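Here is the structure we will look at, set down as structure tokens.
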Amino acid sequence: MRMAKIKSSRDVVMTLQHNTRERMPPNADPDLTDENFNYGGSTLETMNRFHALLPDKVRSNAVHAVEIVMTASPDFGGDWGRYLQACDGWAKSLFGEKNLLHINHHYDESTPHTHILFMPLKDQKLNAKHFIGGSQDRMAELQEDFFQKVGQLHGLERGQPRAETRARHTPHTLSAKAAELDERETSLAERSAKLDEREKKLNAFADEYQSVMGVTPADIRELKNKVSRWYDQTPDSLRNFALMVEVKGCRTVAEYHQLGEARREREQQQKHRFTR
């Protein structure tokens with residue numbers, strides 16, 4: 001059981017696109033993706049729910065969401081479906097059903113696992129510390145609680161607690177989670193480079209347009225102000241939709257809807273196979 005703090009809406013989008021397979025990871029088998037379970041809908045639907053729950057005032061360093069990943073050893077001989085449902089139940093009891101954003105069970109990677117995403121709301125404020133604390137002792141408590149209420153009941157074994165071994169945690173830099181984070185960083189770096197290149201082209205075009213049409217820098221500043229005002233006055237749902245289309249890499253809204261329809265058809269096919 002691992003937890004990750006997510007501190008921006010854009011990172012929430014990236015996480016959801018990975019989990020829903022709207023952005024296919026290289027280590028997943030496309031032939032098995034239809035076996036995955038998805039609760040919460042598409043990235044767009046989940047982000048609309050995310051913005052509906054998000055408080056009006058958010059600290060600059062606030063944790064917007066918490067992702068929990070739960071699995072077992074590859075040689076686990078039990079019922080993966082029942083086990084992952086039990087994992088979800090444990091997480092929902094910790095964060096509360098009302099804070100649930102999304103659940104995904106992945107069967108298209110080497111080991112089945114569940115991703116479950118929550119908004120850490122307490123008294124209408126973002127407060128991740130209330131749920132998962134800020135110390136290693138709190139995480140050790142959660143690991144033990146997870147084992148007692150889920151792992152042990154499904155025939156799993158737990159290693160010796162840190163309090164007994166006095167061992168220090170050594171980060172597993174080659175773990176699947178690290179590889180996933182590296183992939184996200186690479187993707188963000190590539191997207192950032194594309195945005196920089198686009199900005200250079202736009203600046204070059206603005207210079208050329210100014211020389212031909214006689215547009216002044218003041219005119220350009222006024223245009224930028226109008227764009228900024230439009231952005232501020234645009235509803236969250238519309239800005240969120242535009243972000244989805246951009247991040248997905250679709251050239252048109254119609255193309256984005258076509259991808260969404262194909263995904264919904266796959267989800268309908270898997271619903272009758274999954275017993276909640």
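Labels used: A, B, ... for chains in the order of the structure tokens, numbers from 1 for residues in each chain, and numbers from 1 for ligands as shown.
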Give me, as CSV, each residue of stretch 23-114 of chain A that comes within 12 Å of stretch 251-266 of chain A, together with its shortest interatomic pair and the distance in Å at one decimal, counting only C-alpha atoms, with rows ordered by chain and rising residue number.
```
residue,atom,partner,partner_atom,distance
A:Arg23,CA,A:Leu259,CA,11.4
A:Leu32,CA,A:Arg266,CA,11.6
A:Thr33,CA,A:Arg266,CA,9.1
A:Asp34,CA,A:Arg266,CA,6.3
A:Glu35,CA,A:Arg266,CA,9.3
A:Asn36,CA,A:Arg266,CA,9.7
A:Phe37,CA,A:Arg266,CA,10.3
A:Asn38,CA,A:Arg266,CA,10.2
A:Tyr39,CA,A:Arg264,CA,11.9
A:Gly40,CA,A:Arg264,CA,11.8
A:Gly41,CA,A:Arg264,CA,8.4
A:Ser42,CA,A:Gly260,CA,7.8
A:Thr43,CA,A:Gly260,CA,9.8
A:Leu44,CA,A:Gly260,CA,9.6
A:Glu45,CA,A:Gly260,CA,10.9
```
Write out the residues from the selection above, keeping C-alpha atoms, as an mmCIF file, in the first residue's frame.
```
data_model
loop_
_atom_site.group_PDB
_atom_site.id
_atom_site.type_symbol
_atom_site.label_atom_id
_atom_site.label_comp_id
_atom_site.auth_asym_id
_atom_site.auth_seq_id
_atom_site.Cartn_x
_atom_site.Cartn_y
_atom_site.Cartn_z
ATOM 1 C CA ARG A 23 -2.927 7.816 -21.934
ATOM 2 C CA LEU A 32 -5.906 -6.931 -21.582
ATOM 3 C CA THR A 33 -7.082 -3.351 -21.024
ATOM 4 C CA ASP A 34 -10.746 -4.317 -21.476
ATOM 5 C CA GLU A 35 -10.394 -6.402 -18.300
ATOM 6 C CA ASN A 36 -9.735 -3.271 -16.209
ATOM 7 C CA PHE A 37 -12.418 -1.885 -13.900
ATOM 8 C CA ASN A 38 -13.226 1.826 -13.922
ATOM 9 C CA TYR A 39 -15.412 3.586 -11.337
ATOM 10 C CA GLY A 40 -15.921 7.326 -11.703
ATOM 11 C CA GLY A 41 -16.097 7.757 -15.462
ATOM 12 C CA SER A 42 -13.693 9.556 -17.767
ATOM 13 C CA THR A 43 -11.000 12.040 -16.818
ATOM 14 C CA LEU A 44 -13.297 14.892 -17.819
ATOM 15 C CA GLU A 45 -16.180 13.597 -15.687
#
```
Would you mind listing what lies within 7 Å of A:Lys5 as a ChimeraX atom specification, with only C-alpha atoms counted and same-chain residues fewer than 6 positions away left out? /A:63,65-67
Residue contacts of A:Val69 (12 Å, only C-alpha atoms) excluding same-chain residues fewer than 2 positions away, as number ranges by chain: A: 1-5, 15, 19, 66-67, 71-72, 84, 87-88, 90-91, 103-106, 112-118, 176-177
Considering only C-alpha atoms, return as JSON, numbers by chain whatever protein or nucleic-acid residues lie within 8 Å of stretch 77-83 of chain A, sequence-local ones (same chain, fewer than 2 positions apart) excluded. {"A": [75, 85, 86, 87, 112, 150, 154, 155]}
Contacts of A:His51 at 10 Å or less, counting only C-alpha atoms, minus same-chain residues fewer than 5 places along, as a ChimeraX atom specification? /A:9,46,56,236-237,240
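In this comparison, which uses only C-alpha atoms, the residue of A:Asp108, A:Glu22, A:Asp11, A:Asp137 approaching A:Gly249 most closely is A:Glu22.
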Nearest to A:Leu53, chosen from A:Leu100, A:Ala242, A:Ala140, A:Ile132, with only C-alpha atoms counted in the distances: A:Leu100
Across A:Lys98, A:Glu267, A:Glu109, A:Ala206, the smallest distance to A:Leu223, with only C-alpha atoms counted, is shown by A:Ala206
What is the atom CA of A:Phe205-atom CA of A:Ala218 distance in Å, reported with one decimal?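 Going from atom CA of A:Phe205 over to atom CA of A:Ala218 covers 16.2 Å.
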So how far away is atom CA of A:Met119 from atom CA of A:Pro55, in Å?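 Taking atom CA of A:Pro55 and atom CA of A:Met119, their separation equals 10.6 Å.
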Can you work out the spacing between atom CA of A:Ser228 and atom CA of A:Lys57 in Å, to one decimal? 20.5 Å
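Each of A:Gln270, A:Lys248, A:Asn48, A:Leu142 was checked against A:Met24 using only C-alpha atoms; the smallest atom-to-atom distance is that of A:Lys248.
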Rank A:Arg229, A:Arg191, A:Lys149, A:Lys200 by their smallest atom-to-atom distance to A:Gly89, using only C-alpha atoms, and report the top residue only.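 Among the listed residues, the smallest separation from A:Gly89 belongs to A:Lys149.
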